[in-house]
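**Q** Supplied structure: run01.txt, compact mmCIF, C-alpha atoms.
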```txt
# COMPACT_ATOMS: atom_id res chain seq x y z
CA MET A 9 105.45 79.11 143.48
CA GLU A 10 103.70 75.97 144.69
CA HIS A 11 106.24 75.68 147.50
CA LEU A 12 105.56 79.25 148.52
CA VAL A 13 101.79 78.67 148.79
CA ASP A 14 102.48 75.47 150.70
CA ILE A 15 104.74 77.25 153.20
CA VAL A 16 102.34 80.15 153.70
CA LEU A 17 99.37 77.82 154.29
CA LEU A 18 101.35 75.71 156.75
CA GLY A 19 102.43 78.87 158.56
CA LEU A 20 98.83 80.04 158.83
CA LEU A 21 97.81 76.61 160.12
CA MET A 22 100.46 76.85 162.82
CA ILE A 23 99.33 80.35 163.86
CA THR A 24 95.70 79.19 164.01
CA GLY A 25 96.72 76.17 166.08
CA PHE A 26 98.54 78.36 168.63
CA ALA A 27 95.62 80.80 168.71
CA ILE A 28 93.26 77.93 169.56
CA VAL A 29 95.50 76.94 172.50
CA ARG A 30 95.44 80.47 173.89
CA MET A 31 91.76 81.18 173.29
CA ARG A 32 89.66 81.09 176.46
CA SER A 33 86.30 81.54 174.75
CA LEU A 34 85.08 78.20 173.41
CA LEU A 35 82.90 79.91 170.80
CA ALA A 36 85.97 81.63 169.37
CA ALA A 37 87.93 78.38 169.58
CA ALA A 38 85.20 76.60 167.59
CA MET A 39 85.30 79.26 164.87
CA LEU A 40 89.11 79.08 164.76
CA THR A 41 88.81 75.30 164.38
CA SER A 42 86.64 75.91 161.35
CA ILE A 43 89.28 78.23 159.90
CA TYR A 44 91.96 75.66 160.68
CA SER A 45 89.97 73.06 158.78
CA LEU A 46 89.36 75.33 155.80
CA LEU A 47 93.09 76.15 155.66
CA SER A 48 93.95 72.46 155.63
CA ALA A 49 91.40 71.92 152.84
CA SER A 50 93.18 74.64 150.83
CA LEU A 51 96.47 72.91 151.54
CA PHE A 52 95.05 69.63 150.21
CA VAL A 53 94.24 71.38 146.92
CA VAL A 54 97.87 72.53 146.67
CA LEU A 55 98.98 68.97 147.40
CA ASP A 56 96.83 67.66 144.50
CA ALA A 57 94.33 65.86 146.73
CA VAL A 58 91.14 67.43 145.40
CA ASP A 59 88.77 64.73 146.65
CA VAL A 60 90.21 65.01 150.15
CA ALA A 61 89.97 68.80 150.03
CA LEU A 62 86.29 68.65 149.15
CA THR A 63 85.64 66.21 151.99
CA GLU A 64 87.61 68.24 154.53
CA ALA A 65 85.85 71.47 153.56
CA ALA A 66 82.41 69.88 153.82
CA ILE A 67 82.99 67.80 156.97
CA GLY A 68 85.75 69.58 158.91
CA ALA A 69 84.89 73.20 158.21
CA GLY A 70 81.15 72.58 157.85
CA ILE A 71 79.49 69.87 159.88
CA SER A 72 82.08 69.51 162.68
CA THR A 73 81.92 73.24 163.35
CA ILE A 74 78.12 73.16 163.52
CA LEU A 75 78.30 70.30 166.03
CA LEU A 76 80.93 72.14 168.09
CA LEU A 77 78.78 75.28 168.14
CA ALA A 78 75.71 73.24 169.11
CA THR A 79 77.68 71.71 171.99
CA VAL A 80 78.94 75.11 173.15
CA ALA A 81 75.34 76.35 173.10
CA LEU A 82 74.24 73.34 175.16
CA THR A 83 77.04 73.63 177.71
CA THR A 84 79.12 76.71 178.32
CA ASP A 85 81.27 79.16 176.44
CA GLU A 86 83.74 79.83 179.21
CA GLU A 87 86.89 77.82 179.73
CA LYS A 88 88.23 77.85 183.27
CA ALA A 89 91.96 78.10 183.79
CA PRO A 90 93.55 74.73 184.54
CA ARG A 91 94.46 74.03 188.16
CA HIS A 92 97.86 72.55 187.45
CA THR A 93 100.79 74.39 185.94
CA PRO A 94 101.26 73.39 182.31
CA LEU A 95 104.92 72.53 182.93
CA LEU A 96 104.68 68.72 182.85
CA PRO A 97 102.47 68.57 179.72
CA LEU A 98 104.82 71.04 178.04
CA VAL A 99 107.85 68.85 178.78
CA VAL A 100 106.03 65.74 177.52
CA VAL A 101 104.93 67.50 174.33
CA ILE A 102 108.36 68.94 173.55
CA ALA A 103 110.07 65.60 174.19
CA THR A 104 107.59 63.73 171.98
CA GLY A 105 107.86 66.37 169.27
CA ALA A 106 111.65 66.25 169.31
CA ALA A 107 111.61 62.46 168.99
CA LEU A 108 109.17 62.65 166.07
CA ILE A 109 111.22 65.32 164.29
CA TYR A 110 114.30 63.14 164.72
CA GLY A 111 112.24 60.36 163.13
CA THR A 112 111.38 62.46 160.05
CA LEU A 113 115.07 62.86 159.15
CA ASP A 114 115.01 59.34 157.69
CA MET A 115 111.94 60.04 155.59
CA PRO A 116 112.18 60.54 151.84
CA HIS A 117 111.98 64.17 150.77
CA TYR A 118 108.64 65.82 150.13
CA GLY A 119 107.54 65.33 146.50
CA ASP A 120 110.25 62.78 145.73
CA PRO A 121 108.96 60.46 142.95
CA ALA A 122 111.39 57.71 144.01
CA ALA A 123 109.94 57.44 147.54
CA PRO A 124 108.91 53.88 148.50
CA ILE A 125 105.26 54.92 148.88
CA HIS A 126 105.01 55.51 145.12
CA GLN A 127 106.53 52.18 144.07
CA TYR A 128 104.13 49.32 144.75
CA VAL A 129 100.34 49.36 144.50
CA ALA A 130 99.84 53.00 143.49
CA PRO A 131 101.27 52.67 139.93
CA THR A 132 99.07 49.61 139.39
CA TYR A 133 95.95 51.53 140.40
CA LEU A 134 96.92 54.44 138.15
CA HIS A 135 97.75 52.15 135.23
CA ASP A 136 94.79 49.77 135.46
CA THR A 137 91.96 52.14 136.33
CA PRO A 138 91.10 53.40 132.81
CA GLY A 139 91.00 49.92 131.28
CA VAL A 140 89.62 47.78 134.10
CA ILE A 141 87.31 50.14 135.98
CA GLY A 142 86.62 52.68 133.24
CA VAL A 143 86.38 55.81 135.39
CA PRO A 144 88.95 58.62 135.11
CA ASN A 145 89.00 59.50 138.83
CA VAL A 146 91.42 56.99 140.37
CA VAL A 147 90.43 57.98 143.92
CA THR A 148 86.84 56.96 143.17
CA SER A 149 87.92 53.69 141.58
CA VAL A 150 90.14 52.75 144.53
CA LEU A 151 87.55 53.86 147.07
CA ALA A 152 84.54 52.20 145.52
CA SER A 153 85.97 49.23 143.67
CA TYR A 154 89.48 48.10 144.66
CA ARG A 155 88.89 48.84 148.33
CA GLY A 156 85.11 48.43 148.36
CA TYR A 157 85.24 46.35 151.57
CA ASP A 158 86.93 49.21 153.42
CA THR A 159 84.32 51.64 152.26
CA LEU A 160 81.53 49.34 153.37
CA GLY A 161 83.22 49.29 156.77
CA GLU A 162 83.38 53.09 156.67
CA VAL A 163 79.66 53.38 156.06
CA THR A 164 79.14 51.01 158.98
CA VAL A 165 81.22 53.32 161.19
CA ILE A 166 79.05 56.27 160.18
CA PHE A 167 75.93 54.19 160.78
CA THR A 168 77.20 53.23 164.24
CA ALA A 169 77.98 56.87 165.06
CA GLY A 170 74.42 57.81 164.10
CA VAL A 171 73.01 55.07 166.33
CA GLY A 172 75.40 56.06 169.14
CA VAL A 173 74.36 59.71 169.07
CA MET A 174 70.69 58.69 169.00
CA VAL A 175 71.25 56.51 172.07
CA LEU A 176 73.18 59.22 173.92
CA LEU A 177 71.01 62.20 173.09
CA GLY A 178 67.64 60.54 172.70
CA TYR A 179 65.73 59.84 169.54
CA ARG A 180 62.13 60.09 170.72
CA LEU A 181 61.90 63.83 171.08
CA ARG A 182 58.94 66.02 170.50
CA ARG A 183 59.01 68.46 167.65
CA CYS A 184 60.25 71.81 168.62
CA ASN A 185 60.84 75.15 167.06
CA ILE A 186 63.77 76.88 168.61
CA THR A 187 64.07 79.71 166.14
CA GLY A 188 63.84 82.77 168.29
CA PRO A 189 62.64 86.17 167.14
CA GLY A 190 66.28 87.16 166.64
CA ILE A 191 66.72 84.83 163.68
CA ARG A 192 63.25 85.50 162.34
CA ASN A 193 64.12 89.15 161.87
CA LEU A 194 67.26 88.41 159.89
CA ILE A 195 65.66 88.94 156.52
CA VAL A 196 68.96 88.68 154.64
CA LEU A 197 69.67 85.24 156.08
CA ARG A 198 66.19 84.01 155.18
CA VAL A 199 66.30 85.28 151.61
CA ILE A 200 69.80 83.92 151.04
CA ALA A 201 68.88 80.58 152.61
CA LYS A 202 65.82 80.26 150.38
CA LEU A 203 67.93 81.09 147.36
CA PHE A 204 70.74 78.71 148.22
CA PHE A 205 68.73 75.75 149.45
CA PRO A 206 67.83 74.35 145.97
CA LEU A 207 71.30 75.21 144.63
CA ILE A 208 73.00 73.28 147.41
CA LEU A 209 70.83 70.22 146.79
CA LEU A 210 71.53 70.46 143.07
CA PHE A 211 75.25 70.76 143.76
CA ALA A 212 75.04 67.66 145.99
CA LEU A 213 73.52 65.70 143.11
CA TYR A 214 76.25 66.98 140.79
CA VAL A 215 78.97 65.93 143.24
CA LEU A 216 77.35 62.50 143.52
CA LEU A 217 76.88 61.84 139.81
CA HIS A 218 80.08 63.50 138.65
CA GLY A 219 82.27 61.70 141.21
CA ASP A 220 83.59 59.34 138.51
CA TYR A 221 85.01 62.16 136.42
CA GLY A 222 85.96 64.86 138.88
CA PRO A 223 86.43 65.32 142.61
CA GLY A 224 83.46 64.09 144.59
CA GLY A 225 81.48 61.00 145.40
CA GLY A 226 78.99 59.62 147.86
CA PHE A 227 80.58 60.89 151.08
CA GLN A 228 80.92 64.48 149.90
CA ALA A 229 77.52 64.51 148.24
CA GLY A 230 75.84 63.18 151.37
CA VAL A 231 77.40 65.87 153.54
CA VAL A 232 76.60 68.68 151.08
CA PHE A 233 73.02 67.45 150.84
CA ALA A 234 72.66 67.47 154.63
CA THR A 235 74.21 70.96 154.76
CA GLY A 236 71.36 72.24 152.60
CA PHE A 237 68.81 71.05 155.13
CA ILE A 238 70.89 72.38 158.04
CA LEU A 239 70.92 75.82 156.40
CA TYR A 240 67.15 75.55 156.01
CA ALA A 241 66.77 74.59 159.67
CA LEU A 242 68.98 77.51 160.76
CA ALA A 243 66.95 80.05 158.81
CA PHE A 244 63.41 78.70 159.17
CA GLY A 245 63.51 76.75 162.42
CA LEU A 246 63.98 73.10 163.27
CA GLY A 247 60.23 72.41 163.21
CA ASN A 248 59.91 73.41 159.58
CA ALA A 249 62.99 71.42 158.61
CA GLN A 250 61.56 68.36 160.35
CA ARG A 251 58.30 68.76 158.48
CA LEU A 252 60.34 68.79 155.28
CA ILE A 253 62.43 65.75 156.14
CA PRO A 254 61.12 63.97 159.24
CA ARG A 255 63.23 61.95 161.67
CA LYS A 256 61.30 58.79 160.96
CA LEU A 257 62.20 58.99 157.28
CA LEU A 258 65.87 59.61 158.13
CA ARG A 259 66.02 56.57 160.39
CA ILE A 260 64.73 54.43 157.51
CA MET A 261 67.04 56.08 154.96
CA VAL A 262 70.19 55.31 156.99
CA ALA A 263 69.35 51.62 156.81
CA VAL A 264 68.34 51.90 153.14
CA GLY A 265 71.70 53.46 152.26
CA MET A 266 73.65 50.67 153.92
CA LEU A 267 71.38 48.01 152.45
CA ILE A 268 71.89 49.35 148.90
CA TYR A 269 75.64 48.98 149.40
CA ALA A 270 75.44 45.48 150.87
CA ALA A 271 72.82 44.42 148.29
CA VAL A 272 75.19 45.29 145.44
CA GLY A 273 77.73 42.96 147.08
CA ILE A 274 75.23 40.15 147.45
CA GLU A 275 73.86 40.67 143.95
CA SER A 276 77.35 40.21 142.53
CA MET A 277 77.65 36.99 144.55
CA LEU A 278 74.33 35.74 143.15
CA LEU A 279 75.56 36.48 139.64
CA GLY A 280 78.56 34.21 140.20
CA GLY A 281 81.22 36.73 141.27
CA LYS A 282 82.74 37.48 144.66
CA PHE A 283 81.29 39.90 147.22
CA LEU A 284 81.39 43.42 145.71
CA GLU A 285 82.90 42.15 142.45
CA TYR A 286 81.06 44.56 140.20
CA ARG A 287 82.22 43.30 136.83
CA VAL A 288 79.60 40.52 136.82
CA LEU A 289 76.76 43.05 137.20
CA ALA A 290 76.53 43.69 133.44
CA ASP A 291 77.48 41.80 130.29
CA ASP A 292 80.49 44.02 129.78
CA PRO A 293 82.89 44.04 132.79
CA VAL A 294 83.64 47.77 132.52
CA THR A 295 79.93 48.66 132.37
CA GLY A 296 79.43 46.40 135.39
CA GLN A 297 82.16 48.25 137.30
CA ARG A 298 80.63 51.62 136.49
CA LEU A 299 77.15 50.44 137.46
CA GLY A 300 78.43 49.00 140.73
CA ILE A 301 80.34 52.18 141.60
CA MET A 302 77.31 54.34 140.81
CA LEU A 303 75.03 52.21 143.01
CA ILE A 304 77.32 52.03 146.01
CA GLU A 305 78.06 55.78 145.81
CA LEU A 306 74.31 56.32 145.90
CA GLY A 307 74.04 54.09 148.98
CA VAL A 308 76.92 55.91 150.68
CA GLY A 309 75.37 59.29 149.86
CA ILE A 310 71.96 58.35 151.28
CA ALA A 311 73.47 56.86 154.45
CA VAL A 312 75.85 59.77 155.12
CA ALA A 313 73.23 62.47 154.48
CA SER A 314 70.75 60.76 156.82
CA VAL A 315 73.28 60.19 159.60
CA VAL A 316 74.53 63.79 159.47
CA LEU A 317 70.96 65.09 159.69
CA ILE A 318 70.09 62.67 162.50
CA ILE A 319 73.12 63.85 164.47
CA TYR A 320 72.24 67.50 163.81
CA TYR A 321 68.61 67.01 164.89
CA ALA A 322 69.73 65.15 168.01
CA PHE A 323 72.09 67.95 169.10
CA VAL A 324 69.79 70.84 168.32
CA SER A 325 66.59 69.39 169.72
CA ARG A 326 68.38 68.67 173.01
CA HIS A 327 67.57 72.31 173.80
CA CYS A 328 63.84 71.67 173.75
CA GLN A 329 63.82 69.00 176.41
CA ALA A 330 62.67 69.93 179.84
CA PRO A 331 65.20 68.70 182.45
CA GLU A 332 62.76 66.14 183.91
CA ASP A 333 62.47 64.34 180.56
CA MET A 334 66.15 63.54 180.42
CA MET B 12 118.36 74.23 151.86
CA SER B 13 116.93 71.16 150.12
CA GLU B 14 117.08 69.31 153.43
CA LEU B 15 115.06 72.12 154.97
CA LEU B 16 112.44 72.24 152.20
CA GLY B 17 112.36 68.46 151.87
CA HIS B 18 111.14 67.96 155.41
CA PHE B 19 109.42 71.28 156.06
CA ASN B 20 105.90 69.84 155.67
CA TYR B 21 106.62 67.02 158.09
CA TRP B 22 108.03 69.34 160.73
CA ILE B 23 105.02 71.63 160.63
CA VAL B 24 102.81 68.54 160.81
CA ILE B 25 104.62 67.50 163.99
CA ILE B 26 104.26 70.99 165.50
CA LEU B 27 100.52 70.90 164.75
CA MET B 28 100.26 67.38 166.13
CA MET B 29 101.98 68.44 169.35
CA THR B 30 99.70 71.50 169.59
CA GLY B 31 96.71 69.16 169.53
CA PHE B 32 98.38 66.76 171.95
CA TYR B 33 99.14 69.62 174.35
CA ILE B 34 95.51 70.76 174.34
CA VAL B 35 94.34 67.21 175.05
CA ILE B 36 96.66 66.64 178.03
CA ALA B 37 96.93 70.14 179.51
CA ARG B 38 93.42 71.58 179.21
CA PRO B 39 90.73 70.35 181.59
CA ASN B 40 87.83 71.59 179.44
CA LEU B 41 86.24 68.68 177.58
CA ILE B 42 85.19 70.65 174.48
CA LYS B 43 88.71 72.02 174.25
CA LYS B 44 90.05 68.47 174.46
CA ILE B 45 87.89 67.45 171.51
CA ILE B 46 89.15 70.46 169.55
CA GLY B 47 92.69 69.31 170.42
CA LEU B 48 91.88 65.85 169.12
CA PHE B 49 90.54 67.42 165.93
CA ILE B 50 93.78 69.38 165.41
CA PHE B 51 95.78 66.21 165.97
CA GLN B 52 93.65 64.29 163.47
CA THR B 53 93.95 66.97 160.81
CA SER B 54 97.73 67.03 161.22
CA VAL B 55 97.80 63.30 160.49
CA PHE B 56 95.76 63.93 157.36
CA ILE B 57 98.32 66.51 156.23
CA LEU B 58 101.14 64.03 156.92
CA PHE B 59 99.58 61.38 154.66
CA ILE B 60 98.65 63.80 151.88
CA SER B 61 102.16 65.34 151.94
CA MET B 62 103.62 61.89 151.39
CA ALA B 63 101.29 61.28 148.44
CA LYS B 64 102.48 64.40 146.62
CA ILE B 65 104.85 64.02 143.66
CA GLU B 66 106.78 67.04 142.44
CA GLY B 67 105.30 68.22 139.13
CA GLY B 68 102.37 65.81 139.39
CA THR B 69 98.69 66.54 139.29
CA ALA B 70 95.47 65.29 140.89
CA PRO B 71 94.89 61.56 140.24
CA ILE B 72 92.19 61.98 137.60
CA ILE B 73 93.36 60.29 134.42
CA GLU B 74 93.55 62.55 131.41
CA GLU B 75 95.19 62.49 127.99
CA GLY B 76 98.65 63.99 127.88
CA ILE B 77 99.41 63.83 131.60
CA SER B 78 101.75 61.18 132.92
CA VAL B 79 102.59 62.14 136.52
CA TYR B 80 99.84 61.83 139.11
CA SER B 81 100.02 62.07 142.88
CA ASN B 82 99.52 58.80 144.75
CA PRO B 83 95.76 58.05 145.01
CA LEU B 84 95.99 55.50 147.84
CA PRO B 85 96.71 57.93 150.73
CA HIS B 86 93.94 60.13 149.34
CA VAL B 87 91.45 57.29 149.68
CA LEU B 88 92.65 56.42 153.19
CA ILE B 89 92.42 60.03 154.36
CA LEU B 90 89.09 60.64 152.67
CA THR B 91 87.61 57.83 154.72
CA ALA B 92 89.54 58.96 157.82
CA ILE B 93 87.89 62.39 157.56
CA VAL B 94 84.49 60.72 157.53
CA VAL B 95 85.48 58.69 160.59
CA SER B 96 86.66 61.91 162.26
CA LEU B 97 83.10 63.20 161.88
CA ALA B 98 81.82 60.05 163.60
CA THR B 99 84.27 60.34 166.50
CA THR B 100 83.71 64.10 166.92
CA ALA B 101 79.93 63.65 166.96
CA LEU B 102 80.07 60.84 169.52
CA GLY B 103 82.59 62.71 171.68
CA LEU B 104 80.49 65.86 171.70
CA ALA B 105 77.34 63.87 172.50
CA LEU B 106 79.19 62.43 175.51
CA VAL B 107 80.24 65.95 176.54
CA VAL B 108 76.60 67.06 176.44
CA ARG B 109 75.58 64.12 178.64
CA ILE B 110 78.45 64.74 181.07
CA ARG B 111 77.38 68.36 181.39
CA GLU B 112 73.83 67.26 182.16
CA ALA B 113 74.99 64.74 184.76
CA TYR B 114 77.68 66.83 186.48
CA GLY B 115 76.72 70.41 185.64
CA THR B 116 80.23 71.11 184.38
CA ILE B 117 82.52 70.17 181.51
CA ASN B 118 85.69 70.87 183.45
CA GLU B 119 87.64 67.70 184.11
CA ASP B 120 89.06 68.95 187.43
CA ASP B 121 85.56 69.69 188.78
CA ILE B 122 84.32 66.29 187.60
CA HIS B 123 87.15 64.56 189.51
CA VAL B 124 86.28 66.54 192.64
CA GLN B 125 82.61 65.51 192.36
CA ASP B 126 83.56 61.88 191.78
CA GLU B 127 85.74 61.85 194.90
CA GLU B 128 82.94 63.33 197.01
CA ASP B 129 80.59 60.49 196.05
```
Give the structure from the file, written as structure tokens.
**A**
Amino acid sequence: MEHLVDIVLLGLLMITGFAIVRMRSLLAAAMLTSIYSLLSASLFVVLDAVDVALTEAAIGAGISTILLLATVALTTDEEKAPRHTPLLPLVVVIATGAALIYGTLDMPHYGDPAAPIHQYVAPTYLHDTPGVIGVPNVVTSVLASYRGYDTLGEVTVIFTAGVGVMVLLGYRLRRCNITGPGIRNLIVLRVIAKLFFPLILLFALYVLLHGDYGPGGGFQAGVVFATGFILYALAFGLGNAQRLIPRKLLRIMVAVGMLIYAAVGIESMLLGGKFLEYRVLADDPVTGQRLGIMLIELGVGIAVASVVLIIYYAFVSRHCQAPEDM
Amino acid sequence: MSELLGHFNYWIVIILMMTGFYIVIARPNLIKKIIGLFIFQTSVFILFISMAKIEGGTAPIIEEGISVYSNPLPHVLILTAIVVSLATTALGLALVVRIREAYGTINEDDIHVQDEED
């Protein structure tokens, strides 16, 4: 049964992929990309990767699509036909694909418990997590504790992307309200948005605080939180959203999020441990681990939510600029 | 049959990867190229998560009475890779917006023509 679902989802992914290649309208291609992403999130659930599925659904199907649509709105919807014949790219792609498929023949079979990937560190993580870290979700324990350095680097990447987009698209923009009369008349959208806005924020908090026990954590919570404000901005205009959560505050919160993370690392050094060694944070090592994980997840959540909103504001308010300001 | 099922996921992953690759190299439209990159990225995610799967296992959240879990390490790597994909997509699209403002087009062929005229 599981195999059947797997095969059907992969088939749908392939069809969506081919449809994206053929699609000449960029708006339609962006929507198909969202579908593609949602299908892969469903596939991740079938493959037992629930944390990954939640992240893909929030980031791939949610935020990336919004950014693609914003870019299409800022540029053009029409894709011109390429000047060259697609013969050479087609040959290159088929040759590369054939070589890669030949390469897979040596790989262990799908789902094989004896595959090398399952032999070394993974059993240790699975075995040690309940006793040493004390949280049931092994993905959270590996992400936040065992590989805490990586995750700090990840937050830095997000931070850098936020700074990069601010530099490219400008961060000193006047407030603007781009909601046209068209949106203002959509009463259903406004009522639903008002109804969902608090629920989405509440769900973000749940995802953040429940990340130790179930799927979720700082990254997902941050994105879900930002999605709430994006929905608000879509229904009530960017100006209102910026009154609710101003740019200036977001710029500070990005830094605060990263600083919380780094401060936990330095605090554990001051208490006699190594950088990001949470067990020294409390008298009991397991309590220390849990405290450390909670704090850094909070930092990640704050940083990610702020960066996503900064990027969204930057893209959308690009519309308001007169050409001479650019 | 088992050979076919055993590698089915990987083959589809490669087809998806090549679809993305084709869009990147054959399509002159810059937004389309970024969509191609996105398809490529997602196919890599599926490759990693397929390798983490164990037959009969469950999600890596420790619970009484369950002994087989899928491998959590690829999950962590891909979770962070998805977040990085957001960063790269956002930066790429911001560049596309700036290119459009500077050149008035997001078609690579037209941009080359304009560059040669200068």
**Q** Skipping near chain neighbours, those fewer than 6 positions away, what residues fall within 6 Å of segment 86-94 of chain B using all atoms listed in the file, listed as a JSON list (two decimals) with C-alpha atoms, in the coordinates of the input?
**A**
```json
[["chain", "number", "residue", "atom", "x", "y", "z"],
["A", 60, "VAL", "CA", 90.21, 65.01, 150.15],
["A", 147, "VAL", "CA", 90.43, 57.98, 143.92],
["A", 151, "LEU", "CA", 87.55, 53.86, 147.07],
["B", 56, "PHE", "CA", 95.76, 63.93, 157.36]]
```
**Q** Go ahead and compute the interatomic distance for atom CA of Phe51 of chain B and atom CA of Met28 of chain B, in Å to one decimal.
**A**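 Going from atom CA of Phe51 of chain B over to atom CA of Met28 of chain B covers 4.6 Å.
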**Q** What is the distance, in Å and to one decimal place, between atom CA of Leu20 of chain A and atom CA of Leu47 of chain A?
**A**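 Taking atom CA of Leu20 of chain A and atom CA of Leu47 of chain A, their separation equals 7.6 Å.
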**Q** Name all residues at most 9 Å from Phe19 of chain B (count only C-alpha atoms; drop same-chain ones fewer than 4 positions away) and give them as a ChimeraX atom specification.
**A** /A:15,118 /B:14-15,23-24
**Q** How far is it from atom CA of Ile72 of chain B to atom CA of Glu10 of chain A, in Å with one decimal?
**A** 19.5 Å
**Q** Find the residues with any atom within 12 Å of (78.3, 51.5, 137.6); use all atoms listed in the file and the coordinates as given in the file, and write the answer as a PyMOL selection string.
**A** chain A and resi 141-143+148-149+152-153+217+219-220+272+284-290+292-306
**Q** Please produce a file of the residues just selected, as a short mmCIF file (atom, residue, chain, number, x, y, z; two decimals), in the frame of the given file, where the atoms kept are C-alpha atoms.
**A**
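So the final result, stored in out-v4.cif, reads:
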```
data_model
loop_
_atom_site.label_atom_id
_atom_site.label_comp_id
_atom_site.auth_asym_id
_atom_site.auth_seq_id
_atom_site.Cartn_x
_atom_site.Cartn_y
_atom_site.Cartn_z
CA ILE A 141 87.31 50.14 135.98
CA GLY A 142 86.62 52.68 133.24
CA VAL A 143 86.38 55.81 135.39
CA THR A 148 86.84 56.96 143.17
CA SER A 149 87.92 53.69 141.58
CA ALA A 152 84.54 52.20 145.52
CA SER A 153 85.97 49.23 143.67
CA LEU A 217 76.88 61.84 139.81
CA GLY A 219 82.27 61.70 141.21
CA ASP A 220 83.59 59.34 138.51
CA VAL A 272 75.19 45.29 145.44
CA LEU A 284 81.39 43.42 145.71
CA GLU A 285 82.90 42.15 142.45
CA TYR A 286 81.06 44.56 140.20
CA ARG A 287 82.22 43.30 136.83
CA VAL A 288 79.60 40.52 136.82
CA LEU A 289 76.76 43.05 137.20
CA ALA A 290 76.53 43.69 133.44
CA ASP A 292 80.49 44.02 129.78
CA PRO A 293 82.89 44.04 132.79
CA VAL A 294 83.64 47.77 132.52
CA THR A 295 79.93 48.66 132.37
CA GLY A 296 79.43 46.40 135.39
CA GLN A 297 82.16 48.25 137.30
CA ARG A 298 80.63 51.62 136.49
CA LEU A 299 77.15 50.44 137.46
CA GLY A 300 78.43 49.00 140.73
CA ILE A 301 80.34 52.18 141.60
CA MET A 302 77.31 54.34 140.81
CA LEU A 303 75.03 52.21 143.01
CA ILE A 304 77.32 52.03 146.01
CA GLU A 305 78.06 55.78 145.81
CA LEU A 306 74.31 56.32 145.90
#
```
**Q** Mind checking which residues fall within 6 Å of segment 209-216 of chain A, counting all atoms listed in the file, ignoring those fewer than 2 positions away in the same chain, and posting them as JSON, numbers by chain?
**A** {"A": [206, 207, 218, 219, 224, 225, 226, 229, 232, 233]}
**Q** Residues within 12 Å of segment 114-121 of chain B, please, as an NGL selection string. Count all atoms listed in the file; anything in the same chain fewer than 3 positions from it doesn't count.
**A** (:A and (34 or 79-80 or 82-92)) or (:B and (35-45 or 104 or 106-111 or 124-129))
**Q** Need the shell around Val165 of chain A: protein/DNA/RNA residues with any atom at most 10 Å away, counting only C-alpha atoms. Skip same-chain ones fewer than 6 positions apart. Format as number ranges by chain?
**A** A: 159, 171; B: 94-95, 98-99
**Q** Of the candidates B:Gly47, B:Ser96, B:Ile122, B:Trp22, which shows the shortest atom-to-atom distance to Ile166 of chain A, using only C-alpha atoms?
**A**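 So, comparing all the options, the nearest one is B:Ser96.
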